[in-house]
Every structure is written in C-alpha cells, then in structure tokens.
>>> print(open('query-v6.csv').read())   # CSV, C-alpha atoms
chain,number,residue,atom,x,y,z
O,261,MET,CA,107.5,105.4,115.0
O,262,ASP,CA,106.1,102.1,113.7
O,263,ILE,CA,108.3,99.3,115.0
O,264,LYS,CA,108.8,97.8,111.6
O,265,ARG,CA,110.2,101.0,110.2
O,266,LEU,CA,112.3,101.8,113.3
O,267,ILE,CA,114.0,98.4,113.1
O,268,ALA,CA,114.4,98.7,109.3
O,269,LYS,CA,116.1,102.0,109.8
O,270,ASP,CA,118.4,100.5,112.4
O,271,LEU,CA,119.4,97.5,110.3
O,272,LEU,CA,120.1,99.7,107.3
O,273,SER,CA,122.1,102.2,109.3
O,274,ILE,CA,124.6,99.6,110.5
O,275,LYS,CA,124.5,97.6,107.2
O,276,ALA,CA,123.1,94.6,108.9
O,277,VAL,CA,120.9,94.6,105.8
O,278,PHE,CA,122.7,95.8,102.8
O,279,PHE,CA,121.2,96.1,99.3
O,280,ARG,CA,123.3,95.8,96.1
O,281,PRO,CA,120.9,95.2,93.2
O,282,GLU,CA,123.3,96.4,90.7
O,283,GLU,CA,126.0,93.9,91.8
O,284,PRO,CA,124.3,90.9,93.3
O,285,PHE,CA,125.7,88.7,96.1
O,286,THR,CA,126.0,85.0,95.5
O,287,TRP,CA,124.6,82.7,98.2
O,288,ALA,CA,126.1,79.4,99.1
O,289,SER,CA,123.3,77.7,97.1
O,290,GLY,CA,124.5,79.7,94.0
O,291,ILE,CA,121.4,81.9,94.0
O,292,LYS,CA,122.1,85.5,93.0
O,293,SER,CA,120.7,87.9,95.7
O,294,PRO,CA,120.4,91.7,95.7
O,295,VAL,CA,120.5,91.7,99.5
O,296,TYR,CA,123.0,90.7,102.2
O,297,CYS,CA,121.8,90.2,105.8
O,298,ASP,CA,124.0,89.8,108.9
O,299,ASN,CA,122.1,90.5,112.0
O,300,ARG,CA,125.1,89.6,114.1
O,301,LEU,CA,126.2,93.2,113.5
O,302,THR,CA,123.4,94.3,115.8
O,303,LEU,CA,125.3,92.9,118.7
O,304,THR,CA,128.1,95.4,118.2
O,305,ALA,CA,125.8,98.4,117.9
O,306,PRO,CA,124.5,99.1,121.4
O,307,ALA,CA,121.7,101.5,120.4
O,308,VAL,CA,120.4,99.2,117.7
O,309,ARG,CA,120.8,96.2,120.0
O,310,THR,CA,118.7,97.9,122.7
O,311,ASN,CA,115.9,98.7,120.3
O,312,ILE,CA,115.9,95.1,119.1
O,313,GLU,CA,116.0,93.4,122.4
O,314,ASN,CA,113.3,95.7,124.0
O,315,SER,CA,111.1,95.2,120.9
O,316,LEU,CA,111.5,91.4,121.1
O,317,ALA,CA,110.6,91.5,124.8
O,318,ASN,CA,107.5,93.6,124.0
O,319,VAL,CA,106.4,91.2,121.3
O,320,ILE,CA,106.8,88.2,123.6
O,321,LYS,CA,104.8,90.0,126.4
O,322,GLU,CA,102.1,90.9,124.0
O,323,ASN,CA,101.8,87.7,122.0
O,324,TYR,CA,103.1,85.0,124.2
O,325,PRO,CA,102.3,86.0,127.8
O,326,ASP,CA,102.2,82.4,129.0
O,327,ALA,CA,105.8,81.6,127.9
O,328,ASP,CA,107.9,79.8,130.5
O,329,VAL,CA,111.3,79.8,128.7
O,330,LEU,CA,113.0,81.3,125.7
O,331,MET,CA,115.1,79.1,123.4
O,332,GLY,CA,117.6,80.6,121.0
O,333,THR,CA,118.6,79.1,117.7
O,334,SER,CA,122.2,78.2,117.3
O,335,THR,CA,124.2,80.3,116.9
O,336,ALA,CA,122.7,83.6,115.8
O,337,GLY,CA,119.6,83.5,118.1
O,338,ILE,CA,121.5,82.7,121.3
O,339,ALA,CA,122.6,86.2,122.2
O,340,HIS,CA,119.2,87.7,121.4
O,341,ALA,CA,117.4,85.1,123.5
O,342,ALA,CA,119.8,85.7,126.4
O,343,ILE,CA,119.4,89.5,126.4
O,344,THR,CA,115.7,89.3,125.9
O,345,ALA,CA,115.3,86.7,128.7
O,346,HIS,CA,117.3,89.0,131.0
O,347,ILE,CA,114.9,91.9,130.2
O,348,LEU,CA,111.9,89.7,130.9
O,349,ASP,CA,113.5,87.9,133.9
O,350,MET,CA,112.9,84.6,132.2
O,351,PRO,CA,114.9,81.4,131.8
O,352,MET,CA,116.6,80.7,128.5
O,353,GLY,CA,118.5,78.1,126.7
O,354,TYR,CA,119.4,77.2,123.1
O,355,VAL,CA,119.1,74.4,120.6
O,356,ARG,CA,122.1,73.1,118.8
O,357,SER,CA,122.0,72.3,115.1
O,358,GLY,CA,123.0,68.8,116.1
O,359,ALA,CA,123.6,66.8,119.3
O,360,LYS,CA,127.0,67.0,120.9
O,361,ASP,CA,129.2,64.0,120.3
O,362,HIS,CA,130.6,64.1,123.9
O,363,GLY,CA,129.5,64.7,127.5
O,364,ARG,CA,125.8,64.4,127.9
O,365,GLN,CA,125.3,64.6,124.1
O,366,ASN,CA,122.7,67.4,124.5
O,367,GLN,CA,121.0,69.1,121.6
O,368,ILE,CA,119.0,71.3,123.9
O,369,GLU,CA,121.2,73.4,126.3
O,370,GLY,CA,119.6,74.7,129.4
O,371,LYS,CA,116.9,73.3,131.6
O,372,LEU,CA,113.7,72.4,129.8
O,373,GLU,CA,110.9,70.3,131.4
O,374,LYS,CA,108.2,68.5,129.5
O,375,GLY,CA,105.1,70.6,129.1
O,376,GLN,CA,106.9,74.0,129.4
O,377,LYS,CA,105.7,76.7,127.0
O,378,VAL,CA,108.6,77.9,124.8
O,379,VAL,CA,109.2,80.8,122.5
O,380,VAL,CA,111.9,80.3,119.9
O,381,VAL,CA,114.2,83.4,119.3
O,382,GLU,CA,115.7,83.6,115.8
O,383,ASP,CA,117.6,86.4,114.1
O,384,LEU,CA,116.5,85.8,110.5
O,385,ILE,CA,114.0,83.7,108.6
O,386,SER,CA,114.3,83.0,104.9
O,387,THR,CA,113.1,79.6,103.8
O,388,GLY,CA,112.4,78.6,107.4
O,389,GLY,CA,114.1,75.3,107.4
O,390,SER,CA,116.5,75.7,110.3
O,391,VAL,CA,114.1,77.3,112.7
O,392,ILE,CA,111.5,74.6,112.1
O,393,GLU,CA,114.2,72.0,112.9
O,394,VAL,CA,114.6,73.8,116.3
O,395,VAL,CA,110.8,73.8,116.8
O,396,ASN,CA,110.7,70.0,116.1
O,397,VAL,CA,113.5,69.3,118.5
O,398,LEU,CA,111.7,71.2,121.2
O,399,ARG,CA,108.4,69.4,120.5
O,400,ASP,CA,110.1,66.0,120.5
O,401,ALA,CA,111.5,66.9,124.0
O,402,GLY,CA,107.9,67.5,125.2
O,403,ALA,CA,107.9,71.3,125.1
O,404,GLU,CA,104.8,73.3,123.9
O,405,VAL,CA,106.2,75.7,121.3
O,406,LEU,CA,104.0,78.8,121.5
O,407,GLY,CA,105.7,80.4,118.5
O,408,ILE,CA,108.8,82.2,117.1
O,409,VAL,CA,110.0,85.7,117.4
O,410,SER,CA,112.6,87.0,114.9
O,411,ILE,CA,114.3,90.2,113.9
O,412,PHE,CA,113.8,90.0,110.2
O,413,THR,CA,112.0,87.9,107.7
O,414,TYR,CA,112.2,87.8,103.9
O,415,GLY,CA,108.6,86.6,103.7
O,416,MET,CA,109.5,84.1,101.0
O,417,GLN,CA,106.6,81.8,100.1
O,418,LYS,CA,108.7,78.7,100.8
O,419,GLY,CA,109.2,79.9,104.4
O,420,LEU,CA,105.6,80.9,104.9
O,421,ASP,CA,104.5,77.5,103.6
O,422,ARG,CA,106.9,75.7,105.9
O,423,LEU,CA,105.8,77.6,109.0
O,424,LYS,CA,102.2,76.9,108.1
O,425,ASP,CA,102.8,73.2,107.6
O,426,ALA,CA,104.6,73.0,110.9
O,427,ASN,CA,101.7,74.8,112.5
O,428,VAL,CA,103.9,77.5,114.1
O,429,LYS,CA,103.5,81.2,114.2
O,430,ASN,CA,106.4,83.7,113.6
O,431,ILE,CA,106.3,87.3,114.5
O,432,SER,CA,109.2,89.4,113.0
O,433,LEU,CA,110.2,92.9,114.1
O,434,THR,CA,110.6,93.9,110.5
O,435,ASP,CA,110.4,92.4,107.0
O,436,PHE,CA,111.8,92.6,103.5
O,437,ASP,CA,109.1,94.9,102.1
O,438,THR,CA,109.5,97.4,104.9
O,439,ILE,CA,113.2,97.5,104.6
O,440,ALA,CA,113.1,97.9,100.8
O,441,GLU,CA,110.6,100.8,101.2
O,442,VAL,CA,112.7,102.6,103.9
O,443,ALA,CA,115.9,101.9,101.9
O,444,ALA,CA,114.4,103.7,98.9
O,445,GLU,CA,113.1,106.6,101.0
O,446,GLU,CA,116.5,107.2,102.6
O,447,GLY,CA,118.6,106.9,99.4
O,448,TYR,CA,120.2,103.5,100.0
O,449,ILE,CA,118.6,102.3,96.7
O,450,LYS,CA,116.7,103.8,93.9
O,451,SER,CA,112.9,103.7,94.1
O,452,GLU,CA,112.8,101.7,90.8
O,453,ASP,CA,114.9,99.0,92.5
O,454,ILE,CA,112.0,98.1,94.8
O,455,GLN,CA,110.3,96.0,92.1
O,456,LYS,CA,113.5,94.1,91.5
O,457,LEU,CA,113.8,93.3,95.1
O,458,ILE,CA,110.2,92.1,95.5
O,459,LYS,CA,110.6,90.0,92.3
O,460,PHE,CA,113.7,88.4,93.9
O,461,ARG,CA,111.8,87.8,97.1
O,462,ASN,CA,108.9,86.2,95.4
O,463,ASN,CA,111.1,83.7,93.5
O,464,PRO,CA,114.8,83.7,94.5
O,465,SER,CA,115.6,81.0,91.9
O,466,ASP,CA,114.4,83.2,89.0
O,467,GLU,CA,117.2,85.6,88.2
O,468,SER,CA,115.3,87.6,85.6
O,469,TRP,CA,115.1,90.5,88.2
O,470,ILE,CA,118.7,91.2,87.5
O,471,SER,CA,118.0,92.4,83.9
O,472,SER,CA,114.6,93.8,84.6
>>> encode(input="query-v6.csv", output="structure tokens")
Amino acid sequence: MDIKRLIAKDLLSIKAVFFRPEEPFTWASGIKSPVYCDNRLTLTAPAVRTNIENSLANVIKENYPDADVLMGTSTAGIAHAAITAHILDMPMGYVRSGAKDHGRQNQIEGKLEKGQKVVVVEDLISTGGSVIEVVNVLRDAGAEVLGIVSIFTYGMQKGLDRLKDANVKNISLTDFDTIAEVAAEEGYIKSEDIQKLIKFRNNPSDESWISS
C-alpha cells in the first residue's frame, strides 16, 4: 500500500486525525476548523506507532543518507525522534521552544557539534512557524540542517511559503488531501465534505466553507 494512504488509514483509525465538518472545532487563534489533529495518540497505539517510526526511518535513509543526528521538536517530536534514531542507530536530541532559565541554559538538548548534518523530526506542520524556529536555532548553533521529516502536513500555503523562504525541505508521511480522500472512502466523512475541507485548507481564515 502507498505509504501516504497507509499512514492516513492509521491516523484515522485511532482518531489522531478527526474530521467534524458539521460541527467545527475552534483553534486557539479563533479559527473554525473541520479537523482536529493530535499525533500524540500514535504513541499509545503500538501498531500505528511502529508503522510511523519505520516509515520515518525509511524516509531519512532514502532522502537524507548523510544525516549525523536527529533533532526532535519540543515536545511532540521528541518521542518520534528518539524511536526513529533507535531504529537507525543514530544519535538524537531535541530543541526546546526557549532556552532553560537554569543550569546550562540549553535550548538544544543532546550533543551537537558544529558542522554536523541534522534532520529535524516533527509530528505536524500547519503554518510551519514552530519548526522553522527549530531549524534556525540549529543553524545558529552551526549545524547543517538537511531537512525535516514529519508525520502529517496540512499543506497550507503559508506553511509552504515559510519553508521555501527558510530554504528547508520537508517530507511528510501523509498529508491533508490524502487523509480527506481516505476518510471519504472509509465513511468517516461524506464525499461532498472533501471540497469543504480543501477550501478550509486553502484559506483557514475564510469560514465560508462552513455554509458551502
């Protein structure tokens, strides 16, 4: 099975991605969303977790064969970076959202030497802001960031533009369009809901999809 569809099926089966177009969720920003995503649920579903970590390991081997170390995003990417690094027998660490205010005041946890080639492990990419902050912290520390691997991406234009501006590549195991398609095929949503979902994805601040 195509890896995008396999991971989409997995995420839907454990409600890590949950569609509710008829009763939208409200994000912290106030935006109404037809989708809820919590990839932390993958950690408590061993079969799904195995598919994800093996797939992340394969993506890294195929696309970033020169990687020296994996760095997870805090906090959601840490466990995935750790498990994937274990599969690949590679070092790993993680990047805090801000420097500690005690001890050595580290923002990067784990050993990282200047010039090392790093792959960032993230669970979810929407507008791309938080993962690009991690990329910039690593670059400022002298690392060469080869790219990002993530479980799921919305494919929002703002996120794509930010990644391009930061000159960093992201490879996701699955994406919004694939999950919407699989969700319709398997009866999680009605087929006519797909257009609503894509309309939301294309412009999250435009709530006209709710009444469309």
>>> residues_around(input="query-v6.csv", residues="O:Ser432", least_positions_apart="2", cutoff="12 Å", atoms="only C-alpha atoms", output="PyMOL selection string")
chain O and resi 263-265+267-268+312+315-316+318-320+323+380-386+407-415+429-430+434-436+438
>>> residues_around(input="query-v6.csv", residues="O:Asp270", least_positions_apart="5", cutoff="9 Å", atoms="all atoms listed in the file", output="list in words")
Arg265, Lys275, Ala276, Thr302, Ala307, Val308, Asn311 and Ile312 of chain O
>>> closest_residue(input="query-v6.csv", among="O:Gly290, O:Pro281, O:Ile343, O:Val428", to="O:Thr310", atoms="only C-alpha atoms")
O:Ile343
>>> closest_residue(input="query-v6.csv", among="O:Lys292, O:Lys374, O:Lys269, O:Arg309", to="O:Glu441", atoms="all atoms listed in the file")
O:Lys269
>>> atom_distance(input="query-v6.csv", atom1="atom CA of O:Val379", atom2="atom CA of O:Leu330")
5.0 Å
>>> closest_residue(input="query-v6.csv", among="O:Val442, O:Ala342, O:Met416, O:Glu452", to="O:Asp262", atoms="all atoms listed in the file")
O:Val442
>>> atom_distance(input="query-v6.csv", atom1="atom CA of O:Ser468", atom2="atom CA of O:Leu272")
25.3 Å
>>> atom_distance(input="query-v6.csv", atom1="atom CA of O:Ser357", atom2="atom CA of O:Arg300")
17.6 Å
>>> residues_around(input="query-v6.csv", residues="O:Pro284", least_positions_apart="5", cutoff="10 Å", atoms="only C-alpha atoms", output="PyMOL selection string")
chain O and resi 279+291-296+470
>>> residues_around(input="query-v6.csv", residues="O:Arg422", least_positions_apart="6", cutoff="10 Å", atoms="only C-alpha atoms", output="PyMOL selection string")
chain O and resi 387-389+392+428
>>> residues_near_point(input="query-v6.csv", point="(117.5, 102.8, 96.9)", cutoff="12 Å", atoms="all atoms listed in the file", output="list in words")
Leu272, Phe278, Phe279, Arg280, Pro281, Glu282, Pro294, Val295, Ile439, Ala440, Glu441, Val442, Ala443, Ala444, Glu445, Glu446, Gly447, Tyr448, Ile449, Lys450, Ser451, Glu452, Asp453, Ile454, Gln455, Lys456 and Leu457 of chain O
>>> build_atoms(input="query-v6.csv", residues="stretch 409-433 of chain O", atoms="N, CA and C atoms", output="PDB file, in the coordinates of the input")
ATOM      1  N   VAL O 409     109.806  84.308 117.604  1.00  0.00           N
ATOM      2  CA  VAL O 409     110.000  85.700 117.400  1.00  0.00           C
ATOM      3  C   VAL O 409     111.356  85.867 116.624  1.00  0.00           C
ATOM      4  N   SER O 410     111.412  86.798 115.689  1.00  0.00           N
ATOM      5  CA  SER O 410     112.600  87.000 114.900  1.00  0.00           C
ATOM      6  C   SER O 410     112.814  88.463 114.606  1.00  0.00           C
ATOM      7  N   ILE O 411     114.037  88.811 114.239  1.00  0.00           N
ATOM      8  CA  ILE O 411     114.300  90.200 113.900  1.00  0.00           C
ATOM      9  C   ILE O 411     113.846  90.583 112.551  1.00  0.00           C
ATOM     10  N   PHE O 412     114.083  89.693 111.589  1.00  0.00           N
ATOM     11  CA  PHE O 412     113.800  90.000 110.200  1.00  0.00           C
ATOM     12  C   PHE O 412     113.374  88.790 109.444  1.00  0.00           C
ATOM     13  N   THR O 413     112.395  88.958 108.561  1.00  0.00           N
ATOM     14  CA  THR O 413     112.000  87.900 107.700  1.00  0.00           C
ATOM     15  C   THR O 413     111.929  88.352 106.247  1.00  0.00           C
ATOM     16  N   TYR O 414     112.354  87.487 105.342  1.00  0.00           N
ATOM     17  CA  TYR O 414     112.200  87.800 103.900  1.00  0.00           C
ATOM     18  C   TYR O 414     110.776  87.700 103.464  1.00  0.00           C
ATOM     19  N   GLY O 415     109.982  86.860 104.126  1.00  0.00           N
ATOM     20  CA  GLY O 415     108.600  86.600 103.700  1.00  0.00           C
ATOM     21  C   GLY O 415     108.522  85.792 102.441  1.00  0.00           C
ATOM     22  N   MET O 416     109.556  84.965 102.213  1.00  0.00           N
ATOM     23  CA  MET O 416     109.500  84.100 101.000  1.00  0.00           C
ATOM     24  C   MET O 416     108.421  83.058 101.174  1.00  0.00           C
ATOM     25  N   GLN O 417     107.790  82.746 100.058  1.00  0.00           N
ATOM     26  CA  GLN O 417     106.600  81.800 100.100  1.00  0.00           C
ATOM     27  C   GLN O 417     107.024  80.473 100.654  1.00  0.00           C
ATOM     28  N   LYS O 418     108.215  79.994 100.316  1.00  0.00           N
ATOM     29  CA  LYS O 418     108.700  78.700 100.800  1.00  0.00           C
ATOM     30  C   LYS O 418     108.697  78.718 102.354  1.00  0.00           C
ATOM     31  N   GLY O 419     109.187  79.810 102.917  1.00  0.00           N
ATOM     32  CA  GLY O 419     109.200  79.900 104.400  1.00  0.00           C
ATOM     33  C   GLY O 419     107.859  80.011 104.982  1.00  0.00           C
ATOM     34  N   LEU O 420     106.974  80.793 104.360  1.00  0.00           N
ATOM     35  CA  LEU O 420     105.600  80.900 104.900  1.00  0.00           C
ATOM     36  C   LEU O 420     104.893  79.557 104.831  1.00  0.00           C
ATOM     37  N   ASP O 421     105.102  78.808 103.748  1.00  0.00           N
ATOM     38  CA  ASP O 421     104.500  77.500 103.600  1.00  0.00           C
ATOM     39  C   ASP O 421     104.993  76.523 104.665  1.00  0.00           C
ATOM     40  N   ARG O 422     106.295  76.563 104.904  1.00  0.00           N
ATOM     41  CA  ARG O 422     106.900  75.700 105.900  1.00  0.00           C
ATOM     42  C   ARG O 422     106.380  75.959 107.305  1.00  0.00           C
ATOM     43  N   LEU O 423     106.282  77.219 107.635  1.00  0.00           N
ATOM     44  CA  LEU O 423     105.800  77.600 109.000  1.00  0.00           C
ATOM     45  C   LEU O 423     104.324  77.145 109.117  1.00  0.00           C
ATOM     46  N   LYS O 424     103.547  77.313 108.055  1.00  0.00           N
ATOM     47  CA  LYS O 424     102.200  76.900 108.100  1.00  0.00           C
ATOM     48  C   LYS O 424     102.043  75.376 108.266  1.00  0.00           C
ATOM     49  N   ASP O 425     102.856  74.639 107.494  1.00  0.00           N
ATOM     50  CA  ASP O 425     102.800  73.200 107.600  1.00  0.00           C
ATOM     51  C   ASP O 425     103.255  72.668 108.948  1.00  0.00           C
ATOM     52  N   ALA O 426     104.173  73.422 109.580  1.00  0.00           N
ATOM     53  CA  ALA O 426     104.600  73.000 110.900  1.00  0.00           C
ATOM     54  C   ALA O 426     103.712  73.531 112.009  1.00  0.00           C
ATOM     55  N   ASN O 427     102.691  74.277 111.606  1.00  0.00           N
ATOM     56  CA  ASN O 427     101.700  74.800 112.500  1.00  0.00           C
ATOM     57  C   ASN O 427     102.381  75.651 113.631  1.00  0.00           C
ATOM     58  N   VAL O 428     103.228  76.584 113.177  1.00  0.00           N
ATOM     59  CA  VAL O 428     103.900  77.500 114.100  1.00  0.00           C
ATOM     60  C   VAL O 428     103.869  78.890 113.632  1.00  0.00           C
ATOM     61  N   LYS O 429     103.628  79.806 114.551  1.00  0.00           N
ATOM     62  CA  LYS O 429     103.500  81.200 114.200  1.00  0.00           C
ATOM     63  C   LYS O 429     104.864  81.910 114.392  1.00  0.00           C
ATOM     64  N   ASN O 430     105.169  82.820 113.470  1.00  0.00           N
ATOM     65  CA  ASN O 430     106.400  83.700 113.600  1.00  0.00           C
ATOM     66  C   ASN O 430     105.944  85.117 113.593  1.00  0.00           C
ATOM     67  N   ILE O 431     106.533  85.896 114.496  1.00  0.00           N
ATOM     68  CA  ILE O 431     106.300  87.300 114.500  1.00  0.00           C
ATOM     69  C   ILE O 431     107.726  87.980 114.350  1.00  0.00           C
ATOM     70  N   SER O 432     107.923  88.728 113.250  1.00  0.00           N
ATOM     71  CA  SER O 432     109.200  89.400 113.000  1.00  0.00           C
ATOM     72  C   SER O 432     109.081  90.883 113.313  1.00  0.00           C
ATOM     73  N   LEU O 433     110.176  91.467 113.792  1.00  0.00           N
ATOM     74  CA  LEU O 433     110.200  92.900 114.100  1.00  0.00           C
ATOM     75  C   LEU O 433     110.047  93.725 112.822  1.00  0.00           C
TER      76      LEU O 433
END
